[in-house]
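For reference, final-v7.txt (compact mmCIF, C-alpha atoms):
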```txt
# COMPACT_ATOMS: atom_id res chain seq x y z
CA MET A 1 73.06 350.04 -107.97
CA ILE A 2 76.68 350.39 -109.10
CA SER A 3 77.92 348.26 -106.19
CA ASN A 4 75.52 345.49 -107.20
CA ILE A 5 76.32 345.68 -110.88
CA PHE A 6 80.06 345.53 -110.30
CA ALA A 7 80.07 342.99 -107.47
CA PRO A 8 82.63 340.72 -109.23
CA VAL A 9 85.25 343.50 -109.01
CA THR A 10 84.10 345.33 -105.87
CA LYS A 11 84.92 342.07 -104.09
CA LEU A 12 88.57 342.33 -105.16
CA HIS A 13 90.81 342.68 -102.10
CA LEU A 14 94.49 342.30 -101.41
CA GLY A 15 95.35 338.61 -101.44
CA GLY A 16 99.10 338.92 -101.01
CA LEU A 17 102.15 340.99 -101.86
CA THR A 18 105.89 340.73 -101.88
CA SER A 19 108.73 343.21 -102.19
CA ILE A 20 111.76 342.50 -104.35
CA GLY A 21 113.79 345.33 -102.87
CA PRO A 22 114.20 347.47 -99.75
CA ALA A 23 111.07 349.27 -98.56
CA THR A 24 111.93 352.88 -99.47
CA ASN A 25 110.07 356.03 -100.33
CA VAL A 26 110.45 356.04 -104.11
CA ALA A 27 110.15 359.80 -104.32
CA ASN A 28 113.31 360.15 -102.18
CA SER A 29 115.11 357.05 -103.45
CA PRO A 30 115.67 357.14 -107.21
CA ASP A 31 117.82 354.01 -107.00
CA GLY A 32 114.93 351.82 -105.86
CA LEU A 33 114.08 348.64 -107.76
CA TYR A 34 111.06 349.10 -110.04
CA ILE A 35 108.64 346.56 -111.46
CA MET A 36 108.50 347.41 -115.18
CA ASP A 37 105.95 344.85 -116.42
CA VAL A 38 104.10 341.73 -115.23
CA ASP A 39 102.39 338.74 -116.80
CA VAL A 40 100.71 335.55 -115.52
CA GLN A 41 100.95 332.02 -116.92
CA LYS A 42 97.93 330.66 -118.75
CA LEU A 43 97.44 327.09 -117.49
CA PRO A 44 94.18 325.73 -118.94
CA ASN A 45 92.84 322.51 -117.46
CA SER A 46 95.54 322.37 -114.81
CA ASP A 47 95.51 322.34 -111.02
CA ALA A 48 99.02 323.81 -110.92
CA VAL A 49 99.43 327.31 -109.51
CA PRO A 50 100.41 329.78 -112.27
CA LYS A 51 103.63 331.75 -112.10
CA ILE A 52 103.85 335.52 -112.18
CA ALA A 53 106.70 336.95 -114.25
CA ALA A 54 107.98 340.42 -113.34
CA ALA A 55 110.43 342.47 -115.38
CA CYS A 56 112.62 344.45 -112.97
CA SER A 57 114.60 347.65 -113.38
CA ASP A 58 117.87 345.83 -112.58
CA ASN A 59 117.41 344.01 -115.95
CA SER A 60 116.40 340.77 -114.25
CA LEU A 61 113.31 338.62 -114.72
CA LYS A 62 111.76 337.31 -111.49
CA PHE A 63 109.11 334.61 -111.02
CA PHE A 64 106.56 334.34 -108.23
CA ASN A 65 103.96 331.84 -107.07
CA ARG A 66 100.65 333.55 -107.86
CA ASP A 67 98.80 332.27 -104.77
CA LYS A 68 101.46 332.73 -102.09
CA VAL A 69 103.29 335.54 -103.93
CA GLU A 70 106.61 333.90 -103.07
CA VAL A 71 109.73 334.42 -105.15
CA LEU A 72 110.47 331.23 -107.10
CA GLY A 73 113.63 332.34 -108.86
CA SER A 74 115.10 334.81 -111.30
CA MET A 75 116.86 334.94 -114.66
CA THR A 76 119.42 337.43 -115.90
CA GLY A 77 120.98 338.08 -119.27
CA HIS A 78 119.69 341.41 -120.58
CA ARG A 79 122.23 344.22 -120.55
CA ASN A 80 119.71 347.06 -120.54
CA LYS A 81 116.17 347.87 -119.38
CA ILE A 82 113.54 345.17 -119.96
CA THR A 83 110.55 346.76 -121.71
CA GLY A 84 108.06 343.88 -121.72
CA VAL A 85 107.36 340.34 -120.55
CA LYS A 86 104.93 337.75 -121.99
CA PHE A 87 104.29 334.07 -121.33
CA GLY A 88 103.67 331.83 -124.31
CA ASN A 89 100.03 331.32 -125.28
CA LYS A 90 100.34 327.71 -126.43
CA ASN A 91 103.36 326.78 -124.31
CA PRO A 92 103.02 328.41 -120.87
CA HIS A 93 106.51 327.28 -119.85
CA LEU A 94 108.05 329.76 -122.30
CA CYS A 95 108.48 333.37 -121.21
CA PHE A 96 109.57 336.15 -123.60
CA THR A 97 111.20 339.48 -122.71
CA SER A 98 112.13 342.52 -124.82
CA SER A 99 114.86 344.98 -123.95
CA LEU A 100 116.56 348.20 -124.92
CA ASP A 101 119.69 346.06 -125.41
CA GLY A 102 118.32 345.12 -128.84
CA THR A 103 117.31 341.55 -128.04
CA ILE A 104 114.17 339.57 -127.35
CA ARG A 105 114.83 336.50 -125.24
CA CYS A 106 112.78 333.36 -124.80
CA TRP A 107 113.27 331.72 -121.41
CA ASP A 108 112.26 328.25 -120.24
CA THR A 109 110.65 328.72 -116.81
CA ARG A 110 111.51 325.15 -115.83
CA THR A 111 115.19 326.08 -115.69
CA GLN A 112 117.22 328.90 -114.18
CA GLY A 113 120.27 330.71 -115.36
CA THR A 114 121.59 333.47 -117.57
CA GLU A 115 121.32 331.74 -120.93
CA ALA A 116 118.05 332.06 -122.80
CA PRO A 117 117.44 329.12 -125.19
CA GLN A 118 116.38 331.55 -127.93
CA ILE A 119 117.58 335.09 -128.65
CA PHE A 120 116.02 337.29 -131.35
CA THR A 121 117.99 340.22 -132.77
CA GLY A 122 117.03 342.93 -135.23
CA TYR A 123 118.73 345.68 -137.19
CA GLU A 124 122.05 346.97 -135.88
CA GLY A 125 121.59 349.63 -133.21
CA CYS A 126 117.88 349.03 -132.60
CA SER A 127 116.32 349.10 -129.12
CA PHE A 128 113.01 347.35 -128.49
CA THR A 129 110.42 349.46 -126.70
CA SER A 130 107.54 346.94 -126.76
CA PHE A 131 106.65 343.53 -128.16
CA ASP A 132 104.03 340.80 -128.30
CA VAL A 133 103.64 337.16 -129.30
CA ASN A 134 100.71 336.07 -131.46
CA CYS A 135 98.10 333.57 -130.25
CA GLU A 136 99.70 330.67 -132.15
CA ASP A 137 103.16 331.28 -130.64
CA ASP A 138 104.73 331.30 -134.10
CA VAL A 139 105.41 335.03 -134.67
CA VAL A 140 106.87 337.66 -132.36
CA CYS A 141 106.69 341.37 -133.20
CA ALA A 142 108.60 344.24 -131.57
CA GLY A 143 108.60 348.02 -131.92
CA THR A 144 111.79 350.05 -131.84
CA GLU A 145 113.21 353.40 -130.90
CA LEU A 146 114.47 355.62 -133.70
CA VAL A 147 117.18 353.84 -135.76
CA GLU A 148 118.98 356.41 -137.92
CA GLU A 149 115.87 358.03 -139.48
CA ASP A 150 113.28 355.30 -138.96
CA SER A 151 111.46 353.33 -136.31
CA TYR A 152 110.45 349.77 -137.11
CA LEU A 153 108.01 347.02 -136.39
CA MET A 154 110.11 343.85 -136.66
CA PHE A 155 108.87 340.28 -137.05
CA TRP A 156 110.52 336.95 -136.26
CA ASP A 157 109.66 333.29 -136.77
CA ILE A 158 109.64 331.94 -133.21
CA ARG A 159 110.46 328.42 -134.33
CA SER A 160 113.73 329.42 -136.01
CA THR A 161 114.47 332.91 -134.54
CA ASN A 162 114.86 334.12 -138.15
CA LEU A 163 114.09 337.79 -138.75
CA LEU A 164 111.22 337.80 -141.23
CA GLY A 165 111.38 341.53 -141.89
CA ALA A 166 109.91 344.86 -140.79
CA TYR A 167 107.36 347.62 -141.35
CA LYS A 168 108.48 351.23 -141.18
CA ASP A 169 106.09 353.47 -143.13
CA SER A 170 102.70 353.27 -141.44
CA HIS A 171 103.24 355.32 -138.30
CA SER A 172 104.92 358.36 -139.80
CA ASP A 173 105.68 359.61 -143.32
CA ASP A 174 108.10 362.31 -142.19
CA ILE A 175 110.60 361.16 -139.56
CA THR A 176 113.54 363.43 -138.75
CA GLN A 177 116.07 363.61 -135.95
CA ASN A 178 114.30 366.74 -134.74
CA ASN A 179 110.94 364.95 -134.61
CA PRO A 180 111.71 361.38 -133.49
CA PHE A 181 109.03 358.88 -132.60
CA ARG A 182 108.95 355.35 -131.32
CA VAL A 183 106.53 352.47 -131.46
CA ARG A 184 105.26 352.35 -127.91
CA GLN A 185 102.74 349.50 -127.91
CA VAL A 186 102.38 346.23 -129.84
CA ALA A 187 99.32 344.01 -129.32
CA PHE A 188 98.34 340.91 -131.28
CA HIS A 189 94.66 339.99 -131.35
CA PRO A 190 93.92 337.34 -128.68
CA THR A 191 92.42 334.84 -131.16
CA LYS A 192 93.42 336.00 -134.68
CA SER A 193 97.08 335.25 -135.25
CA ASP A 194 97.53 337.66 -138.18
CA SER A 195 95.76 340.65 -136.61
CA LEU A 196 98.09 343.20 -135.01
CA ALA A 197 97.54 346.62 -133.42
CA THR A 198 100.31 349.12 -132.71
CA GLY A 199 100.48 352.49 -130.98
CA SER A 200 103.16 355.15 -131.22
CA THR A 201 104.33 358.46 -129.86
CA ASP A 202 103.10 359.96 -133.15
CA GLY A 203 99.56 359.52 -131.79
CA LEU A 204 98.50 356.88 -134.31
CA VAL A 205 97.01 353.46 -133.60
CA CYS A 206 97.40 351.14 -136.60
CA VAL A 207 95.73 347.81 -137.27
CA PHE A 208 97.46 345.33 -139.59
CA ASP A 209 96.72 342.01 -141.22
CA ILE A 210 100.25 340.62 -141.34
CA GLY A 211 99.16 337.80 -143.63
CA LYS A 212 99.08 340.27 -146.54
CA ASN A 213 101.86 340.55 -149.10
CA ASN A 214 103.22 343.98 -148.19
CA GLU A 215 102.93 346.73 -145.60
CA GLN A 216 100.63 348.87 -147.70
CA GLU A 217 98.16 346.01 -148.14
CA ALA A 218 98.59 344.89 -144.52
CA LEU A 219 97.53 348.27 -143.07
CA ILE A 220 93.81 347.85 -142.42
CA THR A 221 93.07 351.10 -140.60
CA THR A 222 94.76 354.05 -138.92
CA LEU A 223 93.17 355.69 -135.85
CA ASN A 224 94.29 359.03 -134.43
CA SER A 225 94.47 359.51 -130.66
CA GLU A 226 95.78 363.09 -131.12
CA SER A 227 98.41 362.52 -128.44
CA THR A 228 101.22 360.17 -127.46
CA VAL A 229 99.89 356.65 -127.08
CA GLN A 230 100.52 355.17 -123.64
CA ASN A 231 98.66 351.85 -123.82
CA ILE A 232 96.50 349.98 -126.30
CA GLY A 233 94.64 346.69 -126.12
CA TRP A 234 91.84 344.58 -127.55
CA CYS A 235 88.55 344.38 -125.70
CA GLY A 236 84.89 343.42 -126.13
CA ALA A 237 83.10 340.09 -126.10
CA ASN A 238 84.84 339.08 -129.35
CA ASN A 239 87.82 341.43 -128.93
CA GLU A 240 86.36 343.54 -131.72
CA TYR A 241 87.19 346.85 -130.00
CA LEU A 242 90.47 348.68 -129.37
CA TYR A 243 91.09 350.91 -126.37
CA CYS A 244 93.78 353.56 -126.16
CA LEU A 245 95.17 355.50 -123.19
CA THR A 246 97.31 358.57 -123.88
CA ASP A 247 99.87 360.56 -121.91
CA VAL A 248 97.34 363.40 -121.40
CA PHE A 249 94.88 361.14 -119.51
CA SER A 250 92.51 360.65 -122.43
CA LEU A 251 90.69 357.37 -123.14
CA MET A 252 89.34 356.26 -126.51
CA VAL A 253 87.59 353.10 -127.64
CA TRP A 254 87.15 352.27 -131.32
CA ASP A 255 85.27 349.60 -133.20
CA ALA A 256 88.25 348.00 -134.94
CA VAL A 257 86.01 346.50 -137.65
CA GLU A 258 84.22 349.74 -138.59
CA SER A 259 87.06 352.11 -137.54
CA SER A 260 84.49 354.18 -135.66
CA MET A 261 84.91 355.99 -132.35
CA LEU A 262 82.67 354.58 -129.60
CA ILE A 263 83.95 356.35 -126.50
CA LYS A 264 86.19 359.36 -125.94
CA PHE A 265 87.08 361.04 -122.65
CA THR A 266 89.56 363.88 -123.11
CA ASP A 267 90.60 364.04 -119.44
CA VAL A 268 89.79 361.16 -117.14
CA ARG A 269 90.57 363.24 -114.04
CA GLU A 270 87.87 365.80 -114.87
CA SER A 271 85.36 363.00 -115.38
CA LEU A 272 85.99 361.68 -111.85
CA LYS A 273 85.61 364.91 -109.89
CA SER A 274 81.97 364.21 -109.07
CA ASP A 275 83.04 360.90 -107.49
CA ASN A 276 85.67 362.61 -105.30
CA CYS A 277 88.21 360.21 -106.78
CA LYS A 278 91.78 361.47 -107.05
CA ILE A 279 93.82 360.12 -109.96
CA ASP A 280 97.40 361.17 -110.73
CA TYR A 281 97.93 358.72 -113.60
CA LEU A 282 96.35 355.82 -115.47
CA VAL A 283 98.00 352.40 -115.26
CA ASP A 284 96.15 350.44 -117.97
CA CYS A 285 92.80 348.89 -118.88
CA PHE A 286 91.37 345.37 -118.92
CA TYR A 287 88.13 343.88 -120.16
CA HIS A 288 85.93 342.01 -117.68
CA SER A 289 84.05 339.34 -119.63
CA THR A 290 81.39 338.73 -116.96
CA LEU A 291 80.56 342.41 -116.66
CA LYS A 292 81.03 342.99 -120.39
CA SER A 293 82.74 346.21 -119.42
CA LEU A 294 86.09 347.90 -119.93
CA LEU A 295 87.73 348.66 -116.57
CA ILE A 296 90.49 351.19 -116.06
CA LEU A 297 93.01 351.20 -113.22
CA GLY A 298 94.11 354.62 -112.00
CA GLY A 299 96.45 355.53 -109.18
CA THR A 300 97.98 358.23 -107.04
CA ASN A 301 101.66 358.96 -106.50
CA GLU A 302 101.25 357.53 -102.99
CA GLY A 303 100.13 354.13 -104.29
CA GLU A 304 96.36 354.32 -103.81
CA LEU A 305 94.55 352.52 -106.65
CA SER A 306 91.03 352.95 -108.02
CA LEU A 307 89.07 350.82 -110.48
CA LEU A 308 87.03 352.83 -112.97
CA SER A 309 84.32 351.87 -115.43
CA ALA A 310 83.64 353.51 -118.78
CA GLY A 311 80.03 354.68 -118.88
CA ARG A 312 78.15 356.43 -121.66
CA ASP A 313 78.94 360.00 -120.62
CA ARG A 314 81.74 359.72 -118.10
CA LEU A 315 83.91 357.39 -116.07
CA HIS A 316 82.69 356.01 -112.76
CA ALA A 317 84.85 355.15 -109.75
CA ILE A 318 83.61 351.73 -108.65
CA HIS A 319 86.19 350.32 -106.23
CA SER A 320 89.37 351.30 -104.37
CA LEU A 321 92.36 349.03 -103.83
CA PRO A 322 94.24 350.40 -100.82
CA GLY A 323 96.91 349.07 -98.52
CA ALA A 324 99.45 347.54 -100.89
CA HIS A 325 101.54 350.04 -102.84
CA THR A 326 103.43 353.05 -101.54
CA GLY A 327 104.54 354.50 -104.87
CA ILE A 328 103.56 354.78 -108.52
CA VAL A 329 102.11 351.58 -110.01
CA ARG A 330 103.53 350.96 -113.47
CA CYS A 331 101.78 347.84 -114.74
CA LEU A 332 98.94 345.37 -114.32
CA HIS A 333 97.79 342.01 -115.59
CA TRP A 334 94.21 340.73 -115.38
CA ASP A 335 93.97 336.94 -115.03
CA SER A 336 90.50 336.46 -116.52
CA GLN A 337 90.53 332.71 -115.85
CA ASN A 338 90.65 333.20 -112.10
CA ASP A 339 89.48 336.81 -111.58
CA VAL A 340 92.86 337.84 -110.23
CA LEU A 341 94.50 341.24 -110.70
CA VAL A 342 98.29 341.56 -110.46
CA THR A 343 99.98 344.95 -110.09
CA GLY A 344 103.61 346.04 -109.93
CA GLY A 345 105.16 349.40 -109.14
CA GLU A 346 108.07 351.70 -108.46
CA ASP A 347 107.92 350.68 -104.78
CA SER A 348 109.40 347.23 -105.64
CA ILE A 349 106.09 345.58 -104.74
CA VAL A 350 104.15 342.92 -106.64
CA SER A 351 100.56 342.70 -105.40
CA VAL A 352 97.84 340.13 -106.06
CA TRP A 353 94.17 341.14 -105.72
CA ARG A 354 91.58 338.37 -105.49
CA ASN A 355 87.81 338.11 -105.55
CA THR A 356 87.00 337.17 -101.95
CA ASP A 357 83.55 335.79 -102.75
CA MET A 358 83.71 334.13 -106.15
CA ASP A 359 81.07 331.53 -105.34
CA ASN A 360 78.56 334.17 -104.28
CA ALA A 361 79.26 336.72 -107.02
CA LEU A 362 76.05 338.09 -108.41
CA LYS A 363 74.60 336.90 -111.70
CA ILE A 364 74.36 340.05 -113.73
CA SER A 365 71.57 340.55 -116.24
CA ASP A 366 72.33 342.15 -119.57
CA ASP A 367 70.08 345.17 -118.98
CA GLU A 368 72.06 346.13 -115.85
CA LEU A 369 75.44 346.27 -117.55
CA VAL A 370 77.39 349.36 -118.47
CA ILE A 371 78.40 348.17 -121.90
CA ILE A 372 81.50 349.55 -123.49
CA ALA A 373 79.90 350.29 -126.84
CA ALA A 374 77.02 352.32 -125.41
CA ASN A 375 74.46 349.76 -126.54
CA GLN A 376 76.08 349.19 -129.93
CA GLN A 377 76.22 345.53 -130.82
CA PRO A 378 79.47 343.93 -132.03
CA LYS A 379 79.72 344.31 -135.79
CA ALA A 380 82.25 341.59 -136.54
CA PRO A 381 80.78 339.01 -138.94
CA VAL A 382 79.44 336.04 -136.99
CA GLU A 383 80.40 333.66 -139.74
CA GLU A 384 84.04 334.72 -139.52
CA GLU A 385 84.16 334.29 -135.75
CA GLU A 386 82.61 330.83 -136.01
CA ARG A 387 85.03 329.85 -138.71
CA ASP A 388 88.03 330.94 -136.61
CA GLU A 389 86.81 328.98 -133.61
CA ASN A 390 86.26 325.83 -135.66
CA THR A 391 89.37 325.97 -137.80
CA THR A 392 90.74 322.46 -138.17
CA THR A 393 94.30 321.45 -137.36
CA GLN A 394 95.02 321.07 -141.07
CA GLU A 395 93.75 324.60 -141.80
CA SER A 396 95.86 326.00 -138.95
CA LYS A 397 98.95 324.33 -140.41
CA GLN A 398 98.20 325.74 -143.83
CA ARG A 399 97.88 329.23 -142.33
CA ARG A 400 101.22 328.93 -140.52
CA ASP A 401 102.93 327.60 -143.63
CA ARG A 402 101.74 330.62 -145.58
CA ARG A 403 104.34 333.04 -144.15
CA PRO A 404 107.58 331.45 -145.37
CA ARG A 405 106.30 331.42 -148.95
CA MET A 406 105.42 335.11 -148.66
CA VAL A 407 108.79 336.06 -147.21
CA ARG A 408 110.68 334.88 -150.27
CA SER A 409 108.83 337.30 -152.53
CA ARG A 410 109.27 340.43 -150.40
CA GLN A 411 111.32 343.43 -151.42
CA PRO A 412 114.55 344.36 -149.60
CA VAL A 413 114.81 347.88 -148.20
CA THR A 414 117.54 350.12 -146.95
CA GLY A 415 118.60 349.28 -143.42
CA ARG A 416 121.19 347.08 -141.79
CA THR A 417 119.93 343.62 -140.96
CA PRO A 418 121.54 340.58 -139.35
CA TYR A 419 122.15 339.35 -142.91
CA GLY A 420 123.80 342.52 -144.19
CA ARG A 421 122.58 345.78 -145.72
CA GLY A 422 119.56 345.57 -147.96
CA ARG A 423 119.15 347.35 -151.25
CA GLY A 424 116.42 349.64 -152.46
CA GLY A 425 113.96 351.71 -150.47
CA GLY A 426 110.43 353.01 -150.16
CA ARG A 427 107.48 350.77 -149.44
CA GLY A 428 108.35 347.14 -149.74
CA GLY A 429 106.96 343.89 -148.44
CA PRO A 430 105.86 343.77 -144.81
CA PHE A 431 108.67 341.38 -143.90
CA ARG A 432 111.75 343.09 -145.26
CA ARG A 433 115.03 341.25 -145.35
```
Represent the structure from my file as structure tokens, please.
Amino acid sequence: MISNIFAPVTKLHLGGLTSIGPATNVANSPDGLYIMDVDVQKLPNSDAVPKIAAACSDNSLKFFNRDKVEVLGSMTGHRNKITGVKFGNKNPHLCFTSSLDGTIRCWDTRTQGTEAPQIFTGYEGCSFTSFDVNCEDDVVCAGTELVEEDSYLMFWDIRSTNLLGAYKDSHSDDITQNNPFRVRQVAFHPTKSDSLATGSTDGLVCVFDIGKNNEQEALITTLNSESTVQNIGWCGANNEYLYCLTDVFSLMVWDAVESSMLIKFTDVRESLKSDNCKIDYLVDCFYHSTLKSLLILGGTNEGELSLLSAGRDRLHAIHSLPGAHTGIVRCLHWDSQNDVLVTGGEDSIVSVWRNTDMDNALKISDDELVIIAANQQPKAPVEEEERDENTTTQESKQRRDRRPRMVRSRQPVTGRTPYGRGRGGGRGGPFRR
């Protein structure tokens, strides 16, 4: 029954791979070239083949043809580890990267070179551990390592590269040098430009409405994973749920509207013993819209990959992805438009997994599905979803124009900024200058 239910993903097989470095045993070659993160262009209504962007451990950004998995070119400019890569949502020719060198760079994929057209900088001495771009491509947010006694969520206006300000109070009220934390994950909602989720090494997952006047008002809910957050993301038919993976192999799914726990597995490895599925680590999750199910990718240190599904009482191993990687897989991207999975790892390999029988994929009935919410229906107001989908161009412009007016009224806080040292302290506006 499981093989029939999950036919759209059990038909995923290796469609191509390429190596960006020498084929070495990673365990015995610490100097090997790693793939740190991957993303795929979103090209709606286009016959062009999307590009894959891969952030590499030599601080370069490499591009590949998604179908042939051929290297198209590379860009350099970062002086330290790249911690994330994202294509633009509205403009797929833009590609953003964050780095521990304290910059976020926006590259034009139609050109090559070492100069990024736009460079975003934050407070002096900050290093960016994660970032994301909102669905309107007008705000970028990044999380930082510890800067003096604080870690920050920083915001920029993409159109001008101006630093709008930062949050610093929501993830921890007591930050010391002996108990440092960092913002590990930043994820904007796929369709709501002001909705932001963040995860940190303090174990907290926070949800913000960045359209509010200050950080205290912007914080909608705080969820506790009880361990260091490894990955977070939005999922569900209307992206009304949040998933969280931790460094102790636990998986949680919350209803982001009700702030209620829907699923919790304290140790994924224990849950898979009955399936004789070996997992050494969890890569990440993605939501499959056809199956209406959250899927988890796990792997072994030797590069064997397994797709897992979150059931009511435990996880189920539903498909293996062998024959590509030879080391730890660090990242994935699910191309939901084309049912393509892209993975990258410490073995220098970028792999593309395709559905080999898309035309004959089974039509799944609702009563056969393993639904993420264990039969709970989405609780997001229908009227709000419909309004967001039908927002007019004029209303969108009004929403974008709202931020600059709010920035002028926000309180400065202590902390060095590109414009000098602010005055005051404590909780201020969400975009501190």
Completion exercise
Closest of A:Val350, A:Cys244, A:Ala142, A:Leu94 to A:Asp284, counting all atoms listed in the file, is A:Cys244
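If you measure from each of A:Lys212, A:Arg66, A:Asp39, A:Lys11 to A:Asp132 using all atoms listed in the file, the closest one turns out to be A:Asp39.
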How big is the axis-aligned box, and where does its centre sit, when it encloses all atoms of stretch 314-329 of chain A listed in the file and has 6 Å added on every side, reported in Å to one decimal as JSON?
```
{"center_x": 93.1, "center_y": 353.6, "center_z": -108.3, "size_x": 34.8, "size_y": 24.2, "size_z": 31.6}
```
Handout entry: A:Pro322 surroundings by only C-alpha atoms, 12 Å radius, close-in-sequence under 3 positions cut, as a PyMOL selection string
Key = chain A and resi 12-15+298-300+302-307+319+325-327+351+353
Within 10 Å of stretch 98-121 of chain A: each stretch 126-241 of chain A residue with its shortest pair, all atoms listed in the file, as JSON lines:
```
{"residue": "A:Cys126", "atom": "CA", "partner": "A:Gly102", "partner_atom": "CA", "distance": 5.4}
{"residue": "A:Ser127", "atom": "CA", "partner": "A:Leu100", "partner_atom": "CA", "distance": 4.3}
{"residue": "A:Phe128", "atom": "CA", "partner": "A:Leu100", "partner_atom": "CA", "distance": 5.1}
{"residue": "A:Thr129", "atom": "CA", "partner": "A:Leu100", "partner_atom": "CA", "distance": 6.5}
{"residue": "A:Ser130", "atom": "CA", "partner": "A:Ser98", "partner_atom": "CA", "distance": 6.7}
{"residue": "A:Phe131", "atom": "CA", "partner": "A:Ser98", "partner_atom": "CA", "distance": 6.5}
{"residue": "A:Asp132", "atom": "CA", "partner": "A:Ser98", "partner_atom": "CA", "distance": 9.0}
{"residue": "A:Val140", "atom": "CA", "partner": "A:Ile104", "partner_atom": "CA", "distance": 9.1}
{"residue": "A:Cys141", "atom": "CA", "partner": "A:Ile104", "partner_atom": "CA", "distance": 9.7}
{"residue": "A:Ala142", "atom": "CA", "partner": "A:Ser98", "partner_atom": "CA", "distance": 7.8}
{"residue": "A:Gly143", "atom": "CA", "partner": "A:Ser98", "partner_atom": "CA", "distance": 9.6}
{"residue": "A:Thr144", "atom": "CA", "partner": "A:Leu100", "partner_atom": "CA", "distance": 8.6}
{"residue": "A:Glu145", "atom": "CA", "partner": "A:Leu100", "partner_atom": "CA", "distance": 8.6}
{"residue": "A:Met154", "atom": "CA", "partner": "A:Thr121", "partner_atom": "CA", "distance": 9.5}
{"residue": "A:Phe155", "atom": "CA", "partner": "A:Phe120", "partner_atom": "CA", "distance": 9.6}
{"residue": "A:Trp156", "atom": "CA", "partner": "A:Phe120", "partner_atom": "CA", "distance": 7.4}
{"residue": "A:Asp157", "atom": "CA", "partner": "A:Phe120", "partner_atom": "CA", "distance": 9.3}
{"residue": "A:Ile158", "atom": "CA", "partner": "A:Phe120", "partner_atom": "CA", "distance": 8.5}
{"residue": "A:Arg159", "atom": "CA", "partner": "A:Gln118", "partner_atom": "CA", "distance": 9.3}
{"residue": "A:Ser160", "atom": "CA", "partner": "A:Gln118", "partner_atom": "CA", "distance": 8.8}
{"residue": "A:Thr161", "atom": "CA", "partner": "A:Phe120", "partner_atom": "CA", "distance": 5.6}
{"residue": "A:Asn162", "atom": "CA", "partner": "A:Phe120", "partner_atom": "CA", "distance": 7.6}
{"residue": "A:Leu163", "atom": "CA", "partner": "A:Thr121", "partner_atom": "CA", "distance": 7.5}
```
Problem - Separation of atom CA of A:Thr201 from atom CA of A:Asp255, in Å and rounded to one decimal - result: 21.3 Å
Leaving out A:Val229 and any residue of its chain fewer than 5 positions from it, which residues lie within 12 Å of it when counting only C-alpha atoms, given as a tab-separated table (two decimals) with C-alpha atoms, keeping the file's coordinate frame?
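Below you can see result39.tsv, which holds the result:
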```tsv
chain	number	residue	atom	x	y	z
A	171	HIS	CA	103.24	355.32	-138.30
A	181	PHE	CA	109.03	358.88	-132.60
A	182	ARG	CA	108.95	355.35	-131.32
A	183	VAL	CA	106.53	352.47	-131.46
A	184	ARG	CA	105.26	352.35	-127.91
A	185	GLN	CA	102.74	349.50	-127.91
A	186	VAL	CA	102.38	346.23	-129.84
A	198	THR	CA	100.31	349.12	-132.71
A	199	GLY	CA	100.48	352.49	-130.98
A	200	SER	CA	103.16	355.15	-131.22
A	201	THR	CA	104.33	358.46	-129.86
A	202	ASP	CA	103.10	359.96	-133.15
A	203	GLY	CA	99.56	359.52	-131.79
A	204	LEU	CA	98.50	356.88	-134.31
A	205	VAL	CA	97.01	353.46	-133.60
A	206	CYS	CA	97.40	351.14	-136.60
A	223	LEU	CA	93.17	355.69	-135.85
A	224	ASN	CA	94.29	359.03	-134.43
A	243	TYR	CA	91.09	350.91	-126.37
A	244	CYS	CA	93.78	353.56	-126.16
A	245	LEU	CA	95.17	355.50	-123.19
A	246	THR	CA	97.31	358.57	-123.88
A	247	ASP	CA	99.87	360.56	-121.91
A	248	VAL	CA	97.34	363.40	-121.40
A	249	PHE	CA	94.88	361.14	-119.51
A	250	SER	CA	92.51	360.65	-122.43
A	251	LEU	CA	90.69	357.37	-123.14
A	252	MET	CA	89.34	356.26	-126.51
A	284	ASP	CA	96.15	350.44	-117.97
```
Which residues of stretch 326-349 of chain A sit at most 9 Å from stretch 42-63 of chain A, using all atoms listed in the file? Give each one's shortest atom pair and distance in Å (one decimal place), in chain and ascending residue order, as a Markdown table.
```
| residue | atom | partner | partner_atom | distance |
| --- | --- | --- | --- | --- |
| A:Asp335 | CA | A:Lys42 | CA | 8.3 |
| A:Gln337 | CA | A:Lys42 | CA | 8.2 |
| A:Val342 | CA | A:Ile52 | CA | 8.4 |
| A:Gly344 | CA | A:Ala54 | CA | 7.9 |
| A:Ser348 | CA | A:Cys56 | CA | 8.5 |
```
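Going from atom CA of A:Asp280 to atom CA of A:Leu308 covers 13.5 Å.
For the atom pair formed by atom CA of A:Glu258 and atom CA of A:Asn231, the distance is 20.8 Å, given to one decimal.
Of the listed residues A:Ile20, A:Trp254, A:Asp67, A:Leu297, the one whose atoms come nearest to A:Ser320 is A:Leu297, with distances taken using only C-alpha atoms.
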Handout entry: Of the listed residues A:Met75, A:Ala256, A:Ile232, A:Val340, that which approaches A:Cys285 most closely, counting all atoms listed in the file
Key = A:Ile232
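For the residues A:Lys168, A:Cys95, A:Glu136, A:Ala237, ranking by smallest atom-to-atom distance to A:Asp150 using only C-alpha atoms places A:Lys168 first.
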Practice task
Choose the residue, out of A:Leu321, A:Leu315, A:Val71, A:Cys235, that has the smallest atom-to-atom separation from A:Tyr287; count all atoms listed in the file.
Solution key: A:Cys235
